[in-house]
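Here is the file final-v9.cif (mmCIF, C-alpha atoms).
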data_protein
#
loop_
_atom_site.group_PDB
_atom_site.id
_atom_site.type_symbol
_atom_site.label_atom_id
_atom_site.label_comp_id
_atom_site.auth_asym_id
_atom_site.auth_seq_id
_atom_site.Cartn_x
_atom_site.Cartn_y
_atom_site.Cartn_z
ATOM 1 C CA MET A 1 0.000 0.000 0.000
ATOM 2 C CA LYS A 2 1.370 3.393 -0.974
ATOM 3 C CA ILE A 3 0.501 6.203 1.413
ATOM 4 C CA ALA A 4 1.148 9.939 1.567
ATOM 5 C CA LEU A 5 1.782 12.098 4.632
ATOM 6 C CA ALA A 6 1.116 15.823 4.638
ATOM 7 C CA GLN A 7 3.396 17.790 6.944
ATOM 8 C CA MET A 8 1.765 21.194 7.366
ATOM 9 C CA CYS A 9 2.201 24.555 9.032
ATOM 10 C CA SER A 10 -1.481 25.334 9.443
ATOM 11 C CA GLY A 11 -2.460 28.912 10.132
ATOM 12 C CA ILE A 12 -5.388 30.925 11.452
ATOM 13 C CA ASP A 13 -7.345 31.148 8.161
ATOM 14 C CA PRO A 14 -9.423 28.010 7.404
ATOM 15 C CA ASP A 15 -9.921 29.076 3.771
ATOM 16 C CA GLU A 16 -6.170 29.209 3.172
ATOM 17 C CA ASN A 17 -5.670 25.892 4.977
ATOM 18 C CA ALA A 18 -8.423 24.351 2.813
ATOM 19 C CA ARG A 19 -6.693 25.610 -0.334
ATOM 20 C CA GLN A 20 -3.408 24.022 0.722
ATOM 21 C CA LEU A 21 -5.173 20.796 1.648
ATOM 22 C CA ARG A 22 -6.822 20.515 -1.769
ATOM 23 C CA SER A 23 -3.415 20.844 -3.406
ATOM 24 C CA LEU A 24 -1.867 18.208 -1.150
ATOM 25 C CA ILE A 25 -4.689 15.728 -1.766
ATOM 26 C CA ALA A 26 -4.414 16.189 -5.527
ATOM 27 C CA GLU A 27 -0.634 15.737 -5.326
ATOM 28 C CA ALA A 28 -1.024 12.561 -3.261
ATOM 29 C CA ALA A 29 -3.453 11.110 -5.793
ATOM 30 C CA ALA A 30 -1.155 12.027 -8.681
ATOM 31 C CA GLY A 31 1.591 10.137 -6.865
ATOM 32 C CA ASP A 32 -0.619 7.000 -6.733
ATOM 33 C CA ALA A 33 -1.138 7.045 -2.978
ATOM 34 C CA ALA A 34 -4.138 5.040 -1.789
ATOM 35 C CA ILE A 35 -4.619 7.304 1.230
ATOM 36 C CA ILE A 36 -3.275 10.623 2.512
ATOM 37 C CA PHE A 37 -2.800 11.378 6.208
ATOM 38 C CA THR A 38 -2.846 14.962 7.519
ATOM 39 C CA PRO A 39 -1.876 16.402 10.943
ATOM 40 C CA GLU A 40 -3.843 17.375 14.001
ATOM 41 C CA MET A 41 -5.643 20.715 13.531
ATOM 42 C CA THR A 42 -5.306 20.634 9.758
ATOM 43 C CA GLY A 43 -7.980 23.292 9.380
ATOM 44 C CA LEU A 44 -7.064 25.823 12.043
ATOM 45 C CA LEU A 45 -4.176 26.276 14.461
ATOM 46 C CA ASP A 46 -4.862 29.300 16.643
ATOM 47 C CA ARG A 47 -4.206 29.611 20.356
ATOM 48 C CA ASP A 48 -6.151 32.892 20.471
ATOM 49 C CA ARG A 49 -9.443 31.269 21.396
ATOM 50 C CA SER A 50 -11.605 34.338 20.985
ATOM 51 C CA ARG A 51 -10.318 34.720 17.428
ATOM 52 C CA ALA A 52 -10.616 30.980 16.771
ATOM 53 C CA ALA A 53 -14.236 31.038 17.925
ATOM 54 C CA ALA A 54 -15.158 33.147 14.904
ATOM 55 C CA ALA A 55 -13.724 30.518 12.545
ATOM 56 C CA ILE A 56 -14.880 27.235 14.115
ATOM 57 C CA ARG A 57 -17.991 25.744 12.526
ATOM 58 C CA SER A 58 -20.132 22.626 12.657
ATOM 59 C CA GLU A 59 -19.334 19.715 10.338
ATOM 60 C CA SER A 60 -21.854 20.808 7.742
ATOM 61 C CA GLU A 61 -20.293 24.278 7.519
ATOM 62 C CA ASP A 62 -16.580 23.533 7.971
ATOM 63 C CA VAL A 63 -14.785 24.660 4.805
ATOM 64 C CA VAL A 64 -11.816 22.346 5.332
ATOM 65 C CA LEU A 65 -13.967 19.255 5.772
ATOM 66 C CA LEU A 66 -16.033 20.209 2.730
ATOM 67 C CA ALA A 67 -12.844 20.733 0.701
ATOM 68 C CA ALA A 68 -11.410 17.387 1.810
ATOM 69 C CA ARG A 69 -14.591 15.525 0.903
ATOM 70 C CA SER A 70 -14.841 17.225 -2.481
ATOM 71 C CA GLU A 71 -11.183 16.625 -3.357
ATOM 72 C CA ALA A 72 -11.290 13.005 -2.156
ATOM 73 C CA ARG A 73 -14.229 12.373 -4.458
ATOM 74 C CA GLN A 74 -12.596 14.128 -7.397
ATOM 75 C CA ALA A 75 -9.203 12.463 -6.916
ATOM 76 C CA ARG A 76 -10.627 9.042 -5.918
ATOM 77 C CA ILE A 77 -8.443 8.761 -2.814
ATOM 78 C CA TRP A 78 -8.938 8.019 0.867
ATOM 79 C CA VAL A 79 -8.253 10.992 3.152
ATOM 80 C CA HIS A 80 -7.542 10.812 6.852
ATOM 81 C CA LEU A 81 -7.934 14.316 8.261
ATOM 82 C CA GLY A 82 -5.783 14.194 11.376
ATOM 83 C CA SER A 83 -8.205 16.496 13.131
ATOM 84 C CA LEU A 84 -10.328 19.604 12.885
ATOM 85 C CA ALA A 85 -11.736 21.871 15.570
ATOM 86 C CA VAL A 86 -15.509 21.615 15.167
ATOM 87 C CA LYS A 87 -18.684 22.478 17.002
ATOM 88 C CA ALA A 88 -20.669 19.484 18.199
ATOM 89 C CA ILE A 89 -24.200 19.170 16.835
ATOM 90 C CA ASP A 90 -25.648 19.070 20.341
ATOM 91 C CA SER A 91 -23.165 21.570 21.767
ATOM 92 C CA SER A 92 -24.249 24.490 23.903
ATOM 93 C CA GLY A 93 -21.404 26.380 22.285
ATOM 94 C CA GLU A 94 -19.247 26.264 25.400
ATOM 95 C CA LYS A 95 -16.704 23.719 24.132
ATOM 96 C CA TRP A 96 -15.516 22.346 20.794
ATOM 97 C CA LEU A 97 -14.366 18.912 19.648
ATOM 98 C CA ASN A 98 -10.922 17.922 18.384
ATOM 99 C CA ARG A 99 -12.146 15.406 15.803
ATOM 100 C CA SER A 100 -10.488 13.103 13.245
ATOM 101 C CA TYR A 101 -12.236 12.183 10.017
ATOM 102 C CA LEU A 102 -11.709 9.252 7.672
ATOM 103 C CA ILE A 103 -13.103 10.037 4.222
ATOM 104 C CA ASN A 104 -13.528 7.444 1.486
ATOM 105 C CA PRO A 105 -12.999 7.971 -2.278
ATOM 106 C CA ASP A 106 -16.704 8.743 -2.698
ATOM 107 C CA GLY A 107 -16.247 11.723 -0.393
ATOM 108 C CA ALA A 108 -18.310 10.131 2.373
ATOM 109 C CA ILE A 109 -17.263 10.220 6.022
ATOM 110 C CA ALA A 110 -16.316 6.638 6.892
ATOM 111 C CA ALA A 111 -15.335 7.254 10.543
ATOM 112 C CA ARG A 112 -15.043 9.954 13.189
ATOM 113 C CA TYR A 113 -12.912 9.996 16.316
ATOM 114 C CA ASP A 114 -12.954 12.584 19.102
ATOM 115 C CA LYS A 115 -9.651 13.035 20.932
ATOM 116 C CA ILE A 116 -9.907 11.330 24.305
ATOM 117 C CA HIS A 117 -6.821 12.569 26.147
ATOM 118 C CA LEU A 118 -6.703 16.364 26.254
ATOM 119 C CA PHE A 119 -3.389 18.220 26.534
ATOM 120 C CA ASP A 120 -3.464 19.751 30.013
ATOM 121 C CA VAL A 121 0.209 20.188 30.912
ATOM 122 C CA ASP A 122 2.833 22.498 32.367
ATOM 123 C CA ILE A 123 5.671 22.062 29.887
ATOM 124 C CA SER A 124 7.910 24.588 31.620
ATOM 125 C CA PRO A 125 7.575 27.469 34.097
ATOM 126 C CA ASP A 126 6.829 29.695 31.104
ATOM 127 C CA GLU A 127 4.542 27.406 29.073
ATOM 128 C CA SER A 128 1.279 25.809 30.142
ATOM 129 C CA GLN A 129 -1.531 24.456 27.987
ATOM 130 C CA ARG A 130 -5.088 23.540 28.978
ATOM 131 C CA GLU A 131 -6.839 21.954 26.024
ATOM 132 C CA SER A 132 -9.775 20.968 28.227
ATOM 133 C CA SER A 133 -10.650 24.613 28.812
ATOM 134 C CA ALA A 134 -11.863 24.864 25.203
ATOM 135 C CA TYR A 135 -12.449 21.264 24.092
ATOM 136 C CA ALA A 136 -14.611 18.386 25.284
ATOM 137 C CA GLY A 137 -12.907 14.999 25.350
ATOM 138 C CA GLY A 138 -14.116 11.935 23.503
ATOM 139 C CA HIS A 139 -15.060 8.662 25.154
ATOM 140 C CA SER A 140 -14.743 5.897 22.535
ATOM 141 C CA ALA A 141 -11.886 4.186 20.709
ATOM 142 C CA VAL A 142 -12.502 3.899 16.957
ATOM 143 C CA VAL A 143 -11.283 1.464 14.308
ATOM 144 C CA ALA A 144 -12.279 1.536 10.647
ATOM 145 C CA PRO A 145 -11.584 -0.636 7.605
ATOM 146 C CA ILE A 146 -9.449 0.712 4.778
ATOM 147 C CA PRO A 147 -8.263 -1.265 1.742
ATOM 148 C CA GLY A 148 -6.175 -4.192 2.981
ATOM 149 C CA ALA A 149 -6.049 -3.163 6.641
ATOM 150 C CA THR A 150 -7.862 -1.869 9.710
ATOM 151 C CA LEU A 151 -7.042 1.638 10.882
ATOM 152 C CA GLY A 152 -6.998 2.638 14.544
ATOM 153 C CA LEU A 153 -7.592 6.333 15.161
ATOM 154 C CA SER A 154 -5.961 8.552 17.777
ATOM 155 C CA ILE A 155 -4.703 12.135 18.106
ATOM 156 C CA CYS A 156 -1.452 13.613 19.471
ATOM 157 C CA TYR A 157 -1.490 13.461 23.306
ATOM 158 C CA ASP A 158 -3.254 10.082 23.076
ATOM 159 C CA LEU A 159 0.208 8.780 22.150
ATOM 160 C CA ARG A 160 1.231 8.769 25.811
ATOM 161 C CA PHE A 161 -1.536 6.362 26.876
ATOM 162 C CA PRO A 162 -0.773 2.813 25.691
ATOM 163 C CA ALA A 163 -4.086 1.422 26.966
ATOM 164 C CA LEU A 164 -5.827 3.160 24.064
ATOM 165 C CA TYR A 165 -3.615 1.376 21.528
ATOM 166 C CA GLU A 166 -4.153 -1.919 23.303
ATOM 167 C CA ALA A 167 -7.894 -1.379 22.869
ATOM 168 C CA LEU A 168 -7.431 -0.500 19.198
ATOM 169 C CA THR A 169 -5.326 -3.565 18.400
ATOM 170 C CA ASN A 170 -7.623 -5.804 20.443
ATOM 171 C CA ALA A 171 -10.367 -4.525 18.117
ATOM 172 C CA GLY A 172 -8.350 -5.507 15.045
ATOM 173 C CA ALA A 173 -6.280 -2.434 14.177
ATOM 174 C CA ASP A 174 -3.046 -3.177 12.335
ATOM 175 C CA ILE A 175 -2.285 0.411 11.296
ATOM 176 C CA LEU A 176 -2.326 3.145 13.951
ATOM 177 C CA SER A 177 -2.750 6.781 12.941
ATOM 178 C CA ILE A 178 -1.321 9.362 15.356
ATOM 179 C CA PRO A 179 -1.637 12.841 13.820
ATOM 180 C CA ALA A 180 -0.099 15.539 15.966
ATOM 181 C CA ALA A 181 0.891 19.125 16.655
ATOM 182 C CA PHE A 182 3.694 18.307 19.107
ATOM 183 C CA THR A 183 5.528 21.117 20.859
ATOM 184 C CA VAL A 184 9.250 21.415 20.109
ATOM 185 C CA PRO A 185 10.482 20.512 23.640
ATOM 186 C CA THR A 186 8.263 17.433 23.974
ATOM 187 C CA GLY A 187 8.919 16.470 20.363
ATOM 188 C CA LYS A 188 12.671 16.464 20.822
ATOM 189 C CA ALA A 189 12.406 14.470 24.036
ATOM 190 C CA HIS A 190 9.666 11.917 23.354
ATOM 191 C CA TRP A 191 8.150 11.908 19.834
ATOM 192 C CA GLU A 192 10.235 9.229 18.126
ATOM 193 C CA ILE A 193 10.630 6.913 21.109
ATOM 194 C CA LEU A 194 6.908 6.895 21.883
ATOM 195 C CA LEU A 195 5.903 6.255 18.263
ATOM 196 C CA ARG A 196 8.362 3.389 17.957
ATOM 197 C CA ALA A 197 7.155 1.946 21.263
ATOM 198 C CA ARG A 198 3.509 1.989 20.126
ATOM 199 C CA ALA A 199 4.476 0.229 16.875
ATOM 200 C CA ILE A 200 6.512 -2.437 18.669
ATOM 201 C CA GLU A 201 3.887 -3.094 21.344
ATOM 202 C CA ALA A 202 1.146 -3.498 18.750
ATOM 203 C CA GLY A 203 3.097 -5.184 15.964
ATOM 204 C CA ALA A 204 1.480 -2.542 13.780
ATOM 205 C CA PHE A 205 2.385 0.235 11.389
ATOM 206 C CA VAL A 206 2.308 3.679 12.967
ATOM 207 C CA ILE A 207 1.590 6.678 10.756
ATOM 208 C CA ALA A 208 2.166 10.042 12.406
ATOM 209 C CA SER A 209 1.571 13.142 10.313
ATOM 210 C CA ALA A 210 2.617 16.302 12.111
ATOM 211 C CA GLN A 211 2.449 20.053 12.171
ATOM 212 C CA CYS A 212 5.802 21.758 11.622
ATOM 213 C CA GLY A 213 7.497 25.120 12.020
ATOM 214 C CA GLY A 214 6.504 28.586 13.211
ATOM 215 C CA HIS A 215 2.760 29.257 13.025
ATOM 216 C CA GLU A 216 0.795 32.475 12.606
ATOM 217 C CA ASP A 217 -0.455 32.295 16.179
ATOM 218 C CA GLY A 218 3.108 32.392 17.513
ATOM 219 C CA ARG A 219 3.588 28.771 18.481
ATOM 220 C CA SER A 220 6.183 26.377 17.054
ATOM 221 C CA THR A 221 5.653 22.680 16.336
ATOM 222 C CA TYR A 222 8.178 19.883 16.014
ATOM 223 C CA GLY A 223 7.493 18.271 12.635
ATOM 224 C CA HIS A 224 9.259 14.972 11.923
ATOM 225 C CA SER A 225 6.221 13.166 10.542
ATOM 226 C CA LEU A 226 7.084 9.474 10.841
ATOM 227 C CA VAL A 227 6.099 6.119 9.456
ATOM 228 C CA VAL A 228 7.203 3.238 11.674
ATOM 229 C CA ASP A 229 6.888 -0.432 10.720
ATOM 230 C CA PRO A 230 5.697 -3.205 13.086
ATOM 231 C CA TRP A 231 9.296 -4.055 14.040
ATOM 232 C CA GLY A 232 9.910 -0.473 15.142
ATOM 233 C CA GLU A 233 11.976 0.543 12.116
ATOM 234 C CA ILE A 234 11.501 4.086 10.796
ATOM 235 C CA LEU A 235 10.474 4.006 7.141
ATOM 236 C CA LEU A 236 9.993 7.765 6.708
ATOM 237 C CA ASP A 237 11.069 10.847 8.666
ATOM 238 C CA MET A 238 10.026 14.124 7.044
ATOM 239 C CA GLY A 239 12.310 16.241 9.204
ATOM 240 C CA GLU A 240 11.414 19.914 9.456
ATOM 241 C CA ARG A 241 10.068 20.592 5.963
ATOM 242 C CA THR A 242 6.448 21.099 5.038
ATOM 243 C CA GLY A 243 4.948 19.288 2.083
ATOM 244 C CA LEU A 244 4.176 15.736 1.079
ATOM 245 C CA GLY A 245 6.022 12.496 1.758
ATOM 246 C CA PHE A 246 5.327 9.069 0.294
ATOM 247 C CA CYS A 247 5.900 5.631 1.800
ATOM 248 C CA ASN A 248 5.157 2.067 0.696
ATOM 249 C CA LEU A 249 3.744 -0.231 3.376
ATOM 250 C CA ASP A 250 4.308 -3.971 2.956
ATOM 251 C CA LEU A 251 1.254 -5.167 4.886
ATOM 252 C CA ARG A 252 2.691 -8.700 5.025
ATOM 253 C CA LYS A 253 5.088 -7.326 7.637
ATOM 254 C CA ILE A 254 2.252 -7.189 10.186
ATOM 255 C CA GLU A 255 1.609 -10.939 10.091
ATOM 256 C CA GLU A 256 5.339 -11.659 9.963
ATOM 257 C CA VAL A 257 6.148 -9.626 13.073
ATOM 258 C CA ARG A 258 3.119 -10.824 15.024
ATOM 259 C CA ALA A 259 4.105 -14.418 14.259
ATOM 260 C CA ARG A 260 7.671 -13.836 15.504
ATOM 261 C CA ILE A 261 6.595 -12.053 18.695
ATOM 262 C CA PRO A 262 2.877 -12.655 19.303
ATOM 263 C CA ALA A 263 2.519 -9.939 21.943
ATOM 264 C CA VAL A 264 -1.014 -9.040 20.870
ATOM 265 C CA ALA A 265 -2.156 -12.682 20.994
ATOM 266 C CA ASN A 266 -0.403 -13.234 24.329
ATOM 267 C CA ARG A 267 -1.962 -10.275 26.136
ATOM 268 C CA LYS A 268 -3.573 -11.036 29.463
ATOM 269 C CA ARG A 269 -6.402 -9.085 31.002
ATOM 270 C CA PHE A 270 -6.021 -9.018 34.738
ATOM 271 C CA GLU A 271 -6.384 -6.928 37.845
ATOM 272 C CA MET A 272 -3.324 -6.101 39.891
ATOM 273 C CA PRO A 273 -3.711 -6.490 43.640
ATOM 274 C CA ILE A 274 -2.858 -3.254 45.410
ATOM 275 C CA THR A 275 -1.047 -3.515 48.706
ATOM 276 C CA SER A 276 0.171 -0.849 51.070
ATOM 277 C CA PRO A 277 3.465 -1.045 52.948
#
Produce structure tokens that represent the structure in this file.
Amino acid sequence: MKIALAQMCSGIDPDENARQLRSLIAEAAAGDAAIIFTPEMTGLLDRDRSRAAAAIRSESEDVVLLAARSEARQARIWVHLGSLAVKAIDSSGEKWLNRSYLINPDGAIAARYDKIHLFDVDISPDESQRESSAYAGGHSAVVAPIPGATLGLSICYDLRFPALYEALTNAGADILSIPAAFTVPTGKAHWEILLRARAIEAGAFVIASAQCGGHEDGRSTYGHSLVVDPWGEILLDMGERTGLGFCNLDLRKIEEVRARIPAVANRKRFEMPITSP
């Protein structure tokens, strides 16, 4: 399976981000990719929440989602939108959703996933982030069939919680998508090692499309979109450039690795007794 990864530097204008996305999808299709993966917050990256509020729409009105669906249909390609900031249909307007979309070559939405683990951290004395102050967390793990494989969906900070990936692989996932907008300090320290660990634990391909560079809202993201095979080998590292990368996945590798080290088959579900000293 040939795939494409879009490494982006998304800005504060959804219309401009939609224009760039259309171009990337068309380029991926022209390069014979079966599916293109995009980063977290493909449609809008803006830490000024009052300004972002004027741009965030429901699914039916989101210009980036509409562009992705239209271009997928025209180019006859699968599109995995790493995530968009959207209003929930039943929302009171107080919080948004950080939502992934899988779009099939007919332009239909094949799956949705709402980010479960929200990024509430104190990275340094000078940098804190509270994603939960603006976003509502999801509650359900999601897998979806794509040609030749089953895709497990996750987003960015989810990467640090292996129980989610255990649930995804228990449900049949053999490719794990981990789109992200990692900060530079956490990216340098943990990005590669965590992605390789998730691939090794699951005996699965990991596809991690990332945001990269200095953004209009003033933040910087780490880049280094990666594809990791089920043995933990890095097949693609896009470094710090924006644009498109291609990678061929030999899906036979999944069965080969899981036969050599059947960690998924050997998993035990148990409760640990807790004792106090």
Checklist entry - Near region 147-163 of chain A, within 7 Å and counting all atoms listed in the file, which residues show up once chain neighbours fewer than 5 positions away are dropped, as JSON, numbers by chain? => result {"A": [40, 113, 115, 116, 117, 118, 119, 142, 168, 172, 173, 174, 175, 176, 177, 178, 179, 180, 181, 182, 194]}
Checklist entry - CA of Glu166 (chain A) to CA of Leu81 (chain A): how many Å, to one decimal? => result 22.5 Å
Checklist entry - Which is closest to Tyr222 (chain A) among A:Leu21, A:Leu249, A:Ala204, A:Val184, if we use all atoms listed in the file? => result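 Closest to Tyr222 (chain A), using all atoms listed in the file: A:Val184.
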Item to check | Surrounding residues of Asp48 (chain A) excluding itself and chain neighbours under 5 positions, 10 Å, all atoms listed in the file, as a list in words | outcome: Ile12, Ala53, Asp217 and Gly218 of chain A
Expected file: the selected residues, C-alpha atoms, as an mmCIF file, keeping the file's coordinate frame:
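Heads up, here's the output in out23.cif:
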data_model
loop_
_atom_site.group_PDB
_atom_site.id
_atom_site.type_symbol
_atom_site.label_atom_id
_atom_site.label_comp_id
_atom_site.auth_asym_id
_atom_site.auth_seq_id
_atom_site.Cartn_x
_atom_site.Cartn_y
_atom_site.Cartn_z
ATOM 1 C CA ILE A 12 -5.388 30.925 11.452
ATOM 2 C CA ALA A 53 -14.236 31.038 17.925
ATOM 3 C CA ASP A 217 -0.455 32.295 16.179
ATOM 4 C CA GLY A 218 3.108 32.392 17.513
#
Next on the checklist: Which residue is closest to Ile200 (chain A)? Choose from A:Val264, A:Ala144, A:Ala33, A:Leu251 and count only C-alpha atoms.
Outcome noted: A:Val264
Item to check | Spatial neighbours of Glu71 (chain A), max dist 7 Å, all atoms listed in the file, sep filter under 3 positions, as a PyMOL selection string | outcome: chain A and resi 22+25+67-68+74-75
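If you measure from each of A:Ala6, A:Cys247, A:Ile207, A:Val228 to Ile193 (chain A) using all atoms listed in the file, the closest one turns out to be A:Val228.
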Item to check | From A:Val227, A:Ala72, A:Ala54, A:Ala4, residue lying nearest Leu195 (chain A) [only C-alpha atoms] | outcome: A:Val227
Starting from the incomplete input, reconstruct N, CA, C and O atoms of region 100-122 of chain A and write that as a PDB file, in the coordinates of the input.
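Saved result, result.pdb, follows:
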ATOM      1  N   SER A 100     -11.060  13.712  14.457  1.00  0.00           N
ATOM      2  CA  SER A 100     -10.488  13.103  13.245  1.00  0.00           C
ATOM      3  C   SER A 100     -11.592  12.641  12.317  1.00  0.00           C
ATOM      4  O   SER A 100     -12.666  12.209  12.783  1.00  0.00           O
ATOM      5  N   TYR A 101     -11.293  12.678  11.024  1.00  0.00           N
ATOM      6  CA  TYR A 101     -12.236  12.183  10.017  1.00  0.00           C
ATOM      7  C   TYR A 101     -11.517  11.252   9.045  1.00  0.00           C
ATOM      8  O   TYR A 101     -10.424  11.572   8.554  1.00  0.00           O
ATOM      9  N   LEU A 102     -12.148  10.126   8.751  1.00  0.00           N
ATOM     10  CA  LEU A 102     -11.709   9.252   7.672  1.00  0.00           C
ATOM     11  C   LEU A 102     -12.723   9.383   6.552  1.00  0.00           C
ATOM     12  O   LEU A 102     -13.921   9.162   6.758  1.00  0.00           O
ATOM     13  N   ILE A 103     -12.239   9.759   5.372  1.00  0.00           N
ATOM     14  CA  ILE A 103     -13.103  10.037   4.222  1.00  0.00           C
ATOM     15  C   ILE A 103     -12.766   9.064   3.113  1.00  0.00           C
ATOM     16  O   ILE A 103     -11.595   8.871   2.776  1.00  0.00           O
ATOM     17  N   ASN A 104     -13.780   8.434   2.538  1.00  0.00           N
ATOM     18  CA  ASN A 104     -13.528   7.444   1.486  1.00  0.00           C
ATOM     19  C   ASN A 104     -13.490   8.110   0.103  1.00  0.00           C
ATOM     20  O   ASN A 104     -13.777   9.302  -0.033  1.00  0.00           O
ATOM     21  N   PRO A 105     -13.133   7.356  -0.946  1.00  0.00           N
ATOM     22  CA  PRO A 105     -12.999   7.971  -2.278  1.00  0.00           C
ATOM     23  C   PRO A 105     -14.315   8.451  -2.897  1.00  0.00           C
ATOM     24  O   PRO A 105     -14.280   9.105  -3.947  1.00  0.00           O
ATOM     25  N   ASP A 106     -15.437   8.154  -2.262  1.00  0.00           N
ATOM     26  CA  ASP A 106     -16.704   8.743  -2.698  1.00  0.00           C
ATOM     27  C   ASP A 106     -16.970  10.078  -2.017  1.00  0.00           C
ATOM     28  O   ASP A 106     -17.995  10.721  -2.274  1.00  0.00           O
ATOM     29  N   GLY A 107     -16.062  10.481  -1.130  1.00  0.00           N
ATOM     30  CA  GLY A 107     -16.247  11.723  -0.393  1.00  0.00           C
ATOM     31  C   GLY A 107     -17.113  11.590   0.842  1.00  0.00           C
ATOM     32  O   GLY A 107     -17.440  12.596   1.480  1.00  0.00           O
ATOM     33  N   ALA A 108     -17.470  10.363   1.194  1.00  0.00           N
ATOM     34  CA  ALA A 108     -18.310  10.131   2.373  1.00  0.00           C
ATOM     35  C   ALA A 108     -17.433   9.984   3.617  1.00  0.00           C
ATOM     36  O   ALA A 108     -16.291   9.508   3.550  1.00  0.00           O
ATOM     37  N   ILE A 109     -17.971  10.390   4.762  1.00  0.00           N
ATOM     38  CA  ILE A 109     -17.263  10.220   6.022  1.00  0.00           C
ATOM     39  C   ILE A 109     -17.423   8.780   6.479  1.00  0.00           C
ATOM     40  O   ILE A 109     -18.524   8.317   6.771  1.00  0.00           O
ATOM     41  N   ALA A 110     -16.293   8.055   6.529  1.00  0.00           N
ATOM     42  CA  ALA A 110     -16.316   6.638   6.892  1.00  0.00           C
ATOM     43  C   ALA A 110     -16.152   6.430   8.390  1.00  0.00           C
ATOM     44  O   ALA A 110     -16.570   5.391   8.923  1.00  0.00           O
ATOM     45  N   ALA A 111     -15.521   7.376   9.096  1.00  0.00           N
ATOM     46  CA  ALA A 111     -15.335   7.254  10.543  1.00  0.00           C
ATOM     47  C   ALA A 111     -15.013   8.619  11.126  1.00  0.00           C
ATOM     48  O   ALA A 111     -14.462   9.494  10.443  1.00  0.00           O
ATOM     49  N   ARG A 112     -15.367   8.766  12.396  1.00  0.00           N
ATOM     50  CA  ARG A 112     -15.043   9.954  13.189  1.00  0.00           C
ATOM     51  C   ARG A 112     -14.428   9.492  14.502  1.00  0.00           C
ATOM     52  O   ARG A 112     -14.826   8.465  15.052  1.00  0.00           O
ATOM     53  N   TYR A 113     -13.491  10.285  15.001  1.00  0.00           N
ATOM     54  CA  TYR A 113     -12.912   9.996  16.316  1.00  0.00           C
ATOM     55  C   TYR A 113     -12.669  11.305  17.042  1.00  0.00           C
ATOM     56  O   TYR A 113     -12.033  12.223  16.505  1.00  0.00           O
ATOM     57  N   ASP A 114     -13.172  11.414  18.266  1.00  0.00           N
ATOM     58  CA  ASP A 114     -12.954  12.584  19.102  1.00  0.00           C
ATOM     59  C   ASP A 114     -11.822  12.308  20.081  1.00  0.00           C
ATOM     60  O   ASP A 114     -11.841  11.313  20.812  1.00  0.00           O
ATOM     61  N   LYS A 115     -10.844  13.193  20.092  1.00  0.00           N
ATOM     62  CA  LYS A 115      -9.651  13.035  20.932  1.00  0.00           C
ATOM     63  C   LYS A 115     -10.048  12.793  22.390  1.00  0.00           C
ATOM     64  O   LYS A 115     -10.783  13.578  22.985  1.00  0.00           O
ATOM     65  N   ILE A 116      -9.542  11.721  22.945  1.00  0.00           N
ATOM     66  CA  ILE A 116      -9.907  11.330  24.305  1.00  0.00           C
ATOM     67  C   ILE A 116      -9.053  12.054  25.338  1.00  0.00           C
ATOM     68  O   ILE A 116      -9.569  12.632  26.295  1.00  0.00           O
ATOM     69  N   HIS A 117      -7.732  12.010  25.155  1.00  0.00           N
ATOM     70  CA  HIS A 117      -6.821  12.569  26.147  1.00  0.00           C
ATOM     71  C   HIS A 117      -6.465  14.012  25.759  1.00  0.00           C
ATOM     72  O   HIS A 117      -5.808  14.246  24.746  1.00  0.00           O
ATOM     73  N   LEU A 118      -6.906  14.950  26.558  1.00  0.00           N
ATOM     74  CA  LEU A 118      -6.703  16.364  26.254  1.00  0.00           C
ATOM     75  C   LEU A 118      -5.406  16.869  26.896  1.00  0.00           C
ATOM     76  O   LEU A 118      -5.036  16.469  27.999  1.00  0.00           O
ATOM     77  N   PHE A 119      -4.741  17.781  26.203  1.00  0.00           N
ATOM     78  CA  PHE A 119      -3.389  18.220  26.534  1.00  0.00           C
ATOM     79  C   PHE A 119      -3.435  19.296  27.619  1.00  0.00           C
ATOM     80  O   PHE A 119      -3.436  20.496  27.335  1.00  0.00           O
ATOM     81  N   ASP A 120      -3.470  18.855  28.858  1.00  0.00           N
ATOM     82  CA  ASP A 120      -3.464  19.751  30.013  1.00  0.00           C
ATOM     83  C   ASP A 120      -2.130  19.567  30.732  1.00  0.00           C
ATOM     84  O   ASP A 120      -1.981  18.645  31.549  1.00  0.00           O
ATOM     85  N   VAL A 121      -1.153  20.414  30.426  1.00  0.00           N
ATOM     86  CA  VAL A 121       0.209  20.188  30.912  1.00  0.00           C
ATOM     87  C   VAL A 121       0.877  21.511  31.267  1.00  0.00           C
ATOM     88  O   VAL A 121       0.484  22.580  30.792  1.00  0.00           O
ATOM     89  N   ASP A 122       1.924  21.390  32.080  1.00  0.00           N
ATOM     90  CA  ASP A 122       2.833  22.498  32.367  1.00  0.00           C
ATOM     91  C   ASP A 122       4.196  22.094  31.813  1.00  0.00           C
ATOM     92  O   ASP A 122       4.984  21.421  32.491  1.00  0.00           O
TER      93      ASP A 122
END
